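Trainee: Below: one structure in structure tokens.
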Amino acid sequence: MTTISSKCASTIQQEVVFPVSPSRIYEALTDATLFSEVMGGSPTETSTESSGTFSCFGGMVVGKNIELRPNKRIIQAWRIKDWEEGVYSLVKFELEEQGEGTRLTLSHTGFPEDQSEHLSKGWHINYWEPLKKFFA
């Protein structure tokens, strides 16, 4: 059984602007080959369908797609493999065209309360910095 953690102390909200179109950011987050390339070659498996599963960073992060709206929104049940079995958080990526670029708004909720600082830093180190470098 999959449950979203009820021990959530906070929500992570982050906004990042990238100098490429929403379609490029969407592709980088949902295409396994491109995600792996952006993230330095770590093994990645993804489904491009809602209700499909994904695994990234060599299986350290796994989950299930809840909603995929191409170039607009990605919502996932998301977990780190060493969390208590069956505990998932909710990750939402909202993509909005901003001039010639894209504003990505992340909302991450439902994670174990002791993970807030680690996850908040992790989004910057493992997602935003590699994406910015790749699309520079």
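By order of appearance in the structure tokens: chains A, B, ..., then residues from 1 within every chain, and ligands from 1 in the order shown.
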Please identify all polymer residues within 8 Å of Pro43 in chain A, counting only C-alpha atoms, omitting same-chain residues fewer than 6 positions from it, and present them as a VMD selection string.
Mentor: chain A and resid 36 56 to 59
Trainee: Show which residues sit within 12 Å of Phe135 in chain A, as a CSV table (one decimal) with all heavy atoms, in the first residue's frame. Count only C-alpha atoms, and ignore same-chain residues fewer than 2 positions away.
Mentor:
```
chain,number,residue,atom,x,y,z
A,17,VAL,N,14.4,29.7,-12.4
A,17,VAL,CA,14.2,30.1,-13.8
A,17,VAL,C,15.3,29.5,-14.7
A,17,VAL,O,16.5,29.6,-14.3
A,17,VAL,CB,14.1,31.7,-13.9
A,17,VAL,CG1,14.0,32.1,-15.4
A,17,VAL,CG2,12.9,32.2,-13.1
A,18,PHE,N,14.9,28.9,-15.8
A,18,PHE,CA,15.8,28.4,-16.7
A,18,PHE,C,15.7,29.1,-18.1
A,18,PHE,O,14.6,29.5,-18.5
A,18,PHE,CB,15.5,26.9,-16.9
A,18,PHE,CG,15.7,26.1,-15.7
A,18,PHE,CD1,14.6,25.7,-14.9
A,18,PHE,CD2,16.9,25.7,-15.2
A,18,PHE,CE1,14.7,25.0,-13.7
A,18,PHE,CE2,17.1,24.9,-14.1
A,18,PHE,CZ,16.0,24.6,-13.3
A,19,PRO,N,16.8,29.2,-18.8
A,19,PRO,CA,16.8,30.0,-20.1
A,19,PRO,C,16.3,29.1,-21.3
A,19,PRO,O,16.8,29.4,-22.4
A,19,PRO,CB,18.3,30.4,-20.2
A,19,PRO,CG,19.0,29.2,-19.6
A,19,PRO,CD,18.2,28.8,-18.5
A,20,VAL,N,15.5,28.2,-21.1
A,20,VAL,CA,15.0,27.3,-22.2
A,20,VAL,C,13.5,27.2,-22.0
A,20,VAL,O,12.9,27.5,-21.0
A,20,VAL,CB,15.6,25.9,-22.2
A,20,VAL,CG1,17.1,26.1,-22.5
A,20,VAL,CG2,15.4,25.2,-20.9
A,21,SER,N,12.8,26.7,-23.1
A,21,SER,CA,11.4,26.6,-23.1
A,21,SER,C,10.8,25.5,-22.1
A,21,SER,O,11.6,24.6,-21.7
A,21,SER,CB,10.9,26.1,-24.5
A,21,SER,OG,11.4,24.8,-24.7
A,24,ARG,N,11.6,21.9,-23.1
A,24,ARG,CA,12.9,21.4,-22.8
A,24,ARG,C,13.0,20.9,-21.4
A,24,ARG,O,13.6,19.9,-21.1
A,24,ARG,CB,14.0,22.4,-23.2
A,24,ARG,CG,14.1,22.7,-24.6
A,24,ARG,CD,14.6,21.5,-25.4
A,24,ARG,NE,16.0,21.3,-25.1
A,24,ARG,CZ,16.7,20.1,-25.1
A,24,ARG,NH1,16.0,19.0,-25.4
A,24,ARG,NH2,17.9,20.1,-24.8
A,25,ILE,N,12.5,21.7,-20.4
A,25,ILE,CA,12.5,21.3,-19.0
A,25,ILE,C,11.7,20.1,-18.8
A,25,ILE,O,12.1,19.1,-18.1
A,25,ILE,CB,12.1,22.5,-18.1
A,25,ILE,CG1,13.0,23.7,-18.3
A,25,ILE,CG2,12.0,22.1,-16.6
A,25,ILE,CD1,14.5,23.4,-17.9
A,28,ALA,N,13.5,17.1,-20.0
A,28,ALA,CA,14.7,16.8,-19.1
A,28,ALA,C,14.2,16.1,-17.9
A,28,ALA,O,15.0,15.2,-17.3
A,28,ALA,CB,15.4,18.1,-18.8
A,34,LEU,N,17.7,11.6,-21.4
A,34,LEU,CA,18.1,13.0,-21.2
A,34,LEU,C,18.3,13.3,-19.7
A,34,LEU,O,19.2,14.0,-19.3
A,34,LEU,CB,17.0,14.0,-21.8
A,34,LEU,CG,17.4,15.5,-21.7
A,34,LEU,CD1,18.7,15.8,-22.4
A,34,LEU,CD2,16.3,16.3,-22.4
A,37,GLU,N,21.6,12.0,-18.7
A,37,GLU,CA,22.6,12.9,-19.3
A,37,GLU,C,22.8,14.2,-18.4
A,37,GLU,O,23.9,14.6,-18.1
A,37,GLU,CB,22.3,13.2,-20.7
A,37,GLU,CG,23.4,14.0,-21.4
A,37,GLU,CD,23.1,14.3,-22.9
A,37,GLU,OE1,22.1,13.7,-23.4
A,37,GLU,OE2,23.7,15.2,-23.4
A,38,VAL,N,21.7,14.8,-18.1
A,38,VAL,CA,21.7,16.1,-17.3
A,38,VAL,C,22.3,15.8,-16.0
A,38,VAL,O,23.1,16.6,-15.5
A,38,VAL,CB,20.3,16.6,-17.2
A,38,VAL,CG1,20.2,17.8,-16.2
A,38,VAL,CG2,19.7,17.1,-18.6
A,39,MET,N,22.0,14.7,-15.4
A,39,MET,CA,22.4,14.4,-14.0
A,39,MET,C,23.7,13.7,-13.9
A,39,MET,O,24.0,13.1,-12.9
A,39,MET,CB,21.3,13.6,-13.3
A,39,MET,CG,19.9,14.3,-13.2
A,39,MET,SD,20.0,16.0,-12.6
A,39,MET,CE,18.4,16.6,-13.0
A,101,GLY,N,12.3,32.0,-21.4
A,101,GLY,CA,12.7,30.9,-20.5
A,101,GLY,C,11.5,30.2,-19.8
A,101,GLY,O,10.3,30.4,-20.3
A,102,THR,N,11.8,29.6,-18.7
A,102,THR,CA,10.8,28.8,-18.0
A,102,THR,C,10.9,29.1,-16.5
A,102,THR,O,12.1,28.9,-16.0
A,102,THR,CB,10.9,27.3,-18.3
A,102,THR,OG1,10.7,27.1,-19.7
A,102,THR,CG2,9.8,26.5,-17.5
A,128,TRP,N,18.5,21.5,-9.7
A,128,TRP,CA,18.6,22.8,-10.3
A,128,TRP,C,20.0,23.1,-10.8
A,128,TRP,O,20.1,23.6,-11.9
A,128,TRP,CB,18.1,23.9,-9.3
A,128,TRP,CG,16.9,23.6,-8.5
A,128,TRP,CD1,16.6,24.0,-7.2
A,128,TRP,CD2,15.7,22.9,-8.9
A,128,TRP,NE1,15.4,23.5,-6.8
A,128,TRP,CE2,14.8,22.9,-7.9
A,128,TRP,CE3,15.3,22.3,-10.1
A,128,TRP,CZ2,13.6,22.2,-7.9
A,128,TRP,CZ3,14.1,21.6,-10.2
A,128,TRP,CH2,13.2,21.6,-9.1
A,129,GLU,N,21.0,22.8,-10.0
A,129,GLU,CA,22.4,23.1,-10.5
A,129,GLU,C,22.7,22.3,-11.8
A,129,GLU,O,23.2,22.9,-12.8
A,129,GLU,CB,23.4,22.9,-9.4
A,129,GLU,CG,23.3,24.0,-8.3
A,129,GLU,CD,24.1,23.7,-7.1
A,129,GLU,OE1,25.1,22.9,-7.2
A,129,GLU,OE2,23.9,24.4,-6.1
A,130,PRO,N,22.5,21.0,-11.8
A,130,PRO,CA,22.7,20.3,-13.1
A,130,PRO,C,21.9,20.8,-14.3
A,130,PRO,O,22.4,20.8,-15.4
A,130,PRO,CB,22.4,18.8,-12.7
A,130,PRO,CG,22.6,18.7,-11.2
A,130,PRO,CD,22.1,20.1,-10.7
A,131,LEU,N,20.6,21.1,-14.0
A,131,LEU,CA,19.8,21.6,-15.1
A,131,LEU,C,20.3,23.0,-15.6
A,131,LEU,O,20.4,23.2,-16.8
A,131,LEU,CB,18.4,21.8,-14.7
A,131,LEU,CG,17.5,20.5,-14.6
A,131,LEU,CD1,16.3,20.6,-13.8
A,131,LEU,CD2,17.2,20.0,-16.1
A,132,LYS,N,20.7,23.8,-14.7
A,132,LYS,CA,21.2,25.1,-15.1
A,132,LYS,C,22.6,25.0,-15.9
A,132,LYS,O,22.8,25.6,-16.9
A,132,LYS,CB,21.5,26.0,-13.9
A,132,LYS,CG,20.2,26.6,-13.4
A,132,LYS,CD,20.4,27.6,-12.3
A,132,LYS,CE,19.1,28.3,-11.9
A,132,LYS,NZ,19.3,29.3,-10.9
A,133,LYS,N,23.4,24.1,-15.4
A,133,LYS,CA,24.7,23.8,-16.1
A,133,LYS,C,24.4,23.2,-17.5
A,133,LYS,O,25.0,23.7,-18.5
A,133,LYS,CB,25.5,22.9,-15.3
A,133,LYS,CG,26.9,22.6,-15.9
A,133,LYS,CD,27.7,21.7,-15.0
A,133,LYS,CE,29.1,21.4,-15.6
A,133,LYS,NZ,29.9,20.5,-14.7
```
Trainee: Which neighbours of Pro70 in chain A fall inside 9 Å, counting only C-alpha atoms, when residues of the same chain fewer than 6 positions from it are skipped, and could you give them as a VMD selection string?
Mentor: chain A and resid 22 to 23 26 to 27
Trainee: Range 62-108 of chain A: which residues are strand (DSSP E or B) by DSSP, as a VMD selection string?
Mentor: chain A and resid 62 to 69 73 to 80 87 to 98 101 to 108
Trainee: Write out as a PyMOL selection string the residues lying within 9 Å of Gln13 in chain A, counting only C-alpha atoms and excluding same-chain residues fewer than 3 positions away.
Mentor: chain A and resi 105-109+120
Trainee: Step one, run DSSP on the backbone; step two, keep only residues of chain A assigned to alpha helix (DSSP H); then write them as a short mmCIF file (atom, residue, chain, number, x, y, z; two decimals) with all heavy atoms, in the first residue's frame.
Mentor:
```
data_model
loop_
_atom_site.label_atom_id
_atom_site.label_comp_id
_atom_site.auth_asym_id
_atom_site.auth_seq_id
_atom_site.Cartn_x
_atom_site.Cartn_y
_atom_site.Cartn_z
N PRO A 22 9.57 25.64 -21.71
CA PRO A 22 8.97 24.62 -20.84
C PRO A 22 9.09 23.21 -21.42
O PRO A 22 9.28 22.25 -20.67
CB PRO A 22 7.51 25.05 -20.74
CG PRO A 22 7.55 26.53 -20.92
CD PRO A 22 8.64 26.75 -21.94
N SER A 23 9.03 23.07 -22.73
CA SER A 23 9.12 21.73 -23.33
C SER A 23 10.48 21.09 -23.07
O SER A 23 10.57 19.89 -22.85
CB SER A 23 8.81 21.77 -24.83
OG SER A 23 9.78 22.53 -25.52
N ARG A 24 11.55 21.90 -23.07
CA ARG A 24 12.89 21.36 -22.81
C ARG A 24 13.03 20.92 -21.35
O ARG A 24 13.62 19.89 -21.06
CB ARG A 24 13.98 22.39 -23.16
CG ARG A 24 14.09 22.69 -24.64
CD ARG A 24 14.63 21.52 -25.44
NE ARG A 24 16.04 21.32 -25.11
CZ ARG A 24 16.66 20.15 -25.08
NH1 ARG A 24 16.01 19.04 -25.36
NH2 ARG A 24 17.93 20.06 -24.77
N ILE A 25 12.48 21.70 -20.42
CA ILE A 25 12.54 21.33 -19.00
C ILE A 25 11.69 20.10 -18.76
O ILE A 25 12.11 19.15 -18.08
CB ILE A 25 12.09 22.50 -18.10
CG1 ILE A 25 13.02 23.70 -18.27
CG2 ILE A 25 12.00 22.05 -16.63
CD1 ILE A 25 14.47 23.45 -17.87
N TYR A 26 10.50 20.07 -19.34
CA TYR A 26 9.62 18.90 -19.20
C TYR A 26 10.32 17.64 -19.70
O TYR A 26 10.33 16.61 -19.04
CB TYR A 26 8.31 19.13 -19.95
CG TYR A 26 7.31 18.01 -19.78
CD1 TYR A 26 6.43 18.01 -18.71
CD2 TYR A 26 7.26 16.96 -20.69
CE1 TYR A 26 5.51 16.98 -18.55
CE2 TYR A 26 6.35 15.93 -20.53
CZ TYR A 26 5.48 15.94 -19.47
OH TYR A 26 4.58 14.91 -19.30
N GLU A 27 10.93 17.75 -20.88
CA GLU A 27 11.64 16.61 -21.46
C GLU A 27 12.79 16.16 -20.55
O GLU A 27 13.00 14.97 -20.33
CB GLU A 27 12.17 16.98 -22.85
CG GLU A 27 12.91 15.85 -23.53
CD GLU A 27 13.51 16.26 -24.87
OE1 GLU A 27 13.75 17.46 -25.10
OE2 GLU A 27 13.77 15.34 -25.67
N ALA A 28 13.54 17.13 -20.00
CA ALA A 28 14.67 16.79 -19.14
C ALA A 28 14.22 16.07 -17.87
O ALA A 28 14.96 15.24 -17.33
CB ALA A 28 15.44 18.05 -18.76
N LEU A 29 13.01 16.35 -17.40
CA LEU A 29 12.50 15.71 -16.19
C LEU A 29 11.77 14.40 -16.44
O LEU A 29 11.55 13.62 -15.51
CB LEU A 29 11.58 16.67 -15.44
CG LEU A 29 12.25 17.91 -14.86
CD1 LEU A 29 11.20 18.88 -14.31
CD2 LEU A 29 13.26 17.54 -13.79
N THR A 30 11.38 14.14 -17.69
CA THR A 30 10.56 12.94 -17.96
C THR A 30 11.19 11.93 -18.92
O THR A 30 10.73 10.79 -18.98
CB THR A 30 9.18 13.33 -18.51
OG1 THR A 30 9.35 14.08 -19.72
CG2 THR A 30 8.37 14.14 -17.49
N ALA A 32 14.09 9.48 -19.75
CA ALA A 32 15.13 8.80 -18.99
C ALA A 32 16.54 9.07 -19.53
O ALA A 32 17.47 9.33 -18.76
CB ALA A 32 14.87 7.29 -18.96
N THR A 33 16.70 9.04 -20.82
CA THR A 33 18.03 9.24 -21.42
C THR A 33 18.52 10.65 -21.15
O THR A 33 19.67 10.85 -20.74
CB THR A 33 17.99 8.94 -22.93
OG1 THR A 33 17.54 7.60 -23.12
CG2 THR A 33 19.35 9.12 -23.56
N LEU A 34 17.66 11.63 -21.38
CA LEU A 34 18.06 13.02 -21.17
C LEU A 34 18.27 13.32 -19.68
O LEU A 34 19.24 13.97 -19.31
CB LEU A 34 17.02 13.97 -21.77
CG LEU A 34 17.37 15.46 -21.70
CD1 LEU A 34 18.72 15.75 -22.36
CD2 LEU A 34 16.27 16.28 -22.37
N PHE A 35 17.38 12.82 -18.81
CA PHE A 35 17.54 13.03 -17.37
C PHE A 35 18.89 12.49 -16.92
O PHE A 35 19.63 13.15 -16.19
CB PHE A 35 16.41 12.36 -16.59
CG PHE A 35 16.44 12.64 -15.12
CD1 PHE A 35 15.74 13.70 -14.59
CD2 PHE A 35 17.17 11.84 -14.25
CE1 PHE A 35 15.76 13.97 -13.22
CE2 PHE A 35 17.20 12.09 -12.89
CZ PHE A 35 16.49 13.17 -12.37
N SER A 36 19.23 11.29 -17.35
CA SER A 36 20.50 10.68 -16.98
C SER A 36 21.68 11.54 -17.48
O SER A 36 22.64 11.76 -16.75
CB SER A 36 20.60 9.27 -17.55
OG SER A 36 21.83 8.68 -17.21
N GLU A 37 21.58 12.04 -18.71
CA GLU A 37 22.64 12.88 -19.26
C GLU A 37 22.79 14.17 -18.44
O GLU A 37 23.90 14.57 -18.09
CB GLU A 37 22.32 13.22 -20.72
CG GLU A 37 23.39 14.03 -21.40
CD GLU A 37 23.05 14.34 -22.85
OE1 GLU A 37 22.14 13.72 -23.43
OE2 GLU A 37 23.72 15.23 -23.41
N VAL A 38 21.67 14.82 -18.13
CA VAL A 38 21.69 16.06 -17.35
C VAL A 38 22.29 15.81 -15.97
O VAL A 38 23.06 16.61 -15.45
CB VAL A 38 20.26 16.64 -17.21
CG1 VAL A 38 20.23 17.77 -16.18
CG2 VAL A 38 19.74 17.13 -18.56
N SER A 116 13.50 17.52 5.94
CA SER A 116 13.26 18.82 5.31
C SER A 116 14.55 19.50 4.82
O SER A 116 14.64 19.89 3.66
CB SER A 116 12.52 19.74 6.28
OG SER A 116 12.23 20.96 5.64
N GLU A 117 15.53 19.66 5.68
CA GLU A 117 16.75 20.36 5.30
C GLU A 117 17.51 19.59 4.22
O GLU A 117 17.98 20.17 3.23
CB GLU A 117 17.65 20.57 6.52
CG GLU A 117 18.87 21.40 6.22
CD GLU A 117 19.73 21.70 7.44
OE1 GLU A 117 19.25 21.56 8.59
OE2 GLU A 117 20.90 22.05 7.25
N HIS A 118 17.62 18.28 4.40
CA HIS A 118 18.31 17.43 3.43
C HIS A 118 17.66 17.54 2.04
O HIS A 118 18.35 17.71 1.03
CB HIS A 118 18.31 15.98 3.92
CG HIS A 118 18.78 14.99 2.91
ND1 HIS A 118 20.11 14.83 2.59
CD2 HIS A 118 18.09 14.11 2.14
CE1 HIS A 118 20.22 13.89 1.65
NE2 HIS A 118 19.01 13.45 1.37
N LEU A 119 16.34 17.43 2.00
CA LEU A 119 15.63 17.48 0.72
C LEU A 119 15.72 18.87 0.09
O LEU A 119 15.93 18.99 -1.12
CB LEU A 119 14.17 17.08 0.91
CG LEU A 119 13.94 15.62 1.26
CD1 LEU A 119 12.49 15.39 1.67
CD2 LEU A 119 14.31 14.71 0.09
N SER A 120 15.58 19.90 0.89
CA SER A 120 15.64 21.26 0.37
C SER A 120 16.98 21.52 -0.31
O SER A 120 17.04 22.04 -1.43
CB SER A 120 15.40 22.27 1.50
OG SER A 120 15.30 23.56 0.97
N LYS A 121 18.06 21.15 0.33
CA LYS A 121 19.39 21.28 -0.27
C LYS A 121 19.53 20.37 -1.48
O LYS A 121 20.15 20.72 -2.48
CB LYS A 121 20.47 20.95 0.75
CG LYS A 121 20.64 21.98 1.83
CD LYS A 121 21.71 21.54 2.82
CE LYS A 121 21.86 22.54 3.95
NZ LYS A 121 22.84 22.08 4.96
N GLY A 122 18.98 19.16 -1.37
CA GLY A 122 19.09 18.18 -2.44
C GLY A 122 18.49 18.63 -3.75
O GLY A 122 19.02 18.33 -4.83
N TRP A 123 17.35 19.36 -3.68
CA TRP A 123 16.75 19.86 -4.92
C TRP A 123 17.72 20.79 -5.64
O TRP A 123 17.87 20.71 -6.86
CB TRP A 123 15.42 20.57 -4.64
CG TRP A 123 14.33 19.61 -4.33
CD1 TRP A 123 13.73 19.39 -3.12
CD2 TRP A 123 13.71 18.69 -5.24
NE1 TRP A 123 12.78 18.40 -3.23
CE2 TRP A 123 12.74 17.96 -4.52
CE3 TRP A 123 13.88 18.43 -6.60
CZ2 TRP A 123 11.96 16.98 -5.12
CZ3 TRP A 123 13.10 17.44 -7.19
CH2 TRP A 123 12.15 16.74 -6.46
N GLU A 129 21.01 22.83 -10.04
CA GLU A 129 22.37 23.11 -10.52
C GLU A 129 22.71 22.32 -11.78
O GLU A 129 23.21 22.89 -12.75
CB GLU A 129 23.38 22.91 -9.41
CG GLU A 129 23.27 23.97 -8.33
CD GLU A 129 24.14 23.71 -7.10
OE1 GLU A 129 25.07 22.86 -7.17
OE2 GLU A 129 23.90 24.37 -6.07
N PRO A 130 22.45 21.00 -11.83
CA PRO A 130 22.75 20.27 -13.07
C PRO A 130 21.92 20.76 -14.26
O PRO A 130 22.44 20.84 -15.38
CB PRO A 130 22.40 18.82 -12.72
CG PRO A 130 22.56 18.73 -11.25
CD PRO A 130 22.11 20.07 -10.74
N LEU A 131 20.64 21.10 -14.03
CA LEU A 131 19.81 21.62 -15.12
C LEU A 131 20.34 22.96 -15.63
O LEU A 131 20.43 23.18 -16.83
CB LEU A 131 18.35 21.76 -14.68
CG LEU A 131 17.54 20.46 -14.65
CD1 LEU A 131 16.27 20.65 -13.82
CD2 LEU A 131 17.20 20.00 -16.06
N LYS A 132 20.71 23.85 -14.71
CA LYS A 132 21.25 25.14 -15.13
C LYS A 132 22.55 24.96 -15.91
O LYS A 132 22.76 25.61 -16.93
CB LYS A 132 21.47 26.04 -13.91
CG LYS A 132 20.19 26.65 -13.41
CD LYS A 132 20.45 27.61 -12.27
CE LYS A 132 19.13 28.28 -11.89
NZ LYS A 132 19.31 29.32 -10.87
N LYS A 133 23.41 24.09 -15.44
CA LYS A 133 24.68 23.84 -16.13
C LYS A 133 24.43 23.24 -17.51
O LYS A 133 25.05 23.65 -18.49
CB LYS A 133 25.53 22.88 -15.29
CG LYS A 133 26.89 22.62 -15.86
CD LYS A 133 27.72 21.72 -14.96
CE LYS A 133 29.07 21.42 -15.56
NZ LYS A 133 29.86 20.51 -14.74
N PHE A 134 23.53 22.28 -17.59
CA PHE A 134 23.24 21.62 -18.87
C PHE A 134 22.67 22.60 -19.90
O PHE A 134 23.03 22.54 -21.07
CB PHE A 134 22.24 20.47 -18.64
CG PHE A 134 21.99 19.64 -19.86
CD1 PHE A 134 22.87 18.64 -20.23
CD2 PHE A 134 20.86 19.85 -20.64
CE1 PHE A 134 22.64 17.86 -21.35
CE2 PHE A 134 20.62 19.08 -21.76
CZ PHE A 134 21.51 18.08 -22.13
#
```
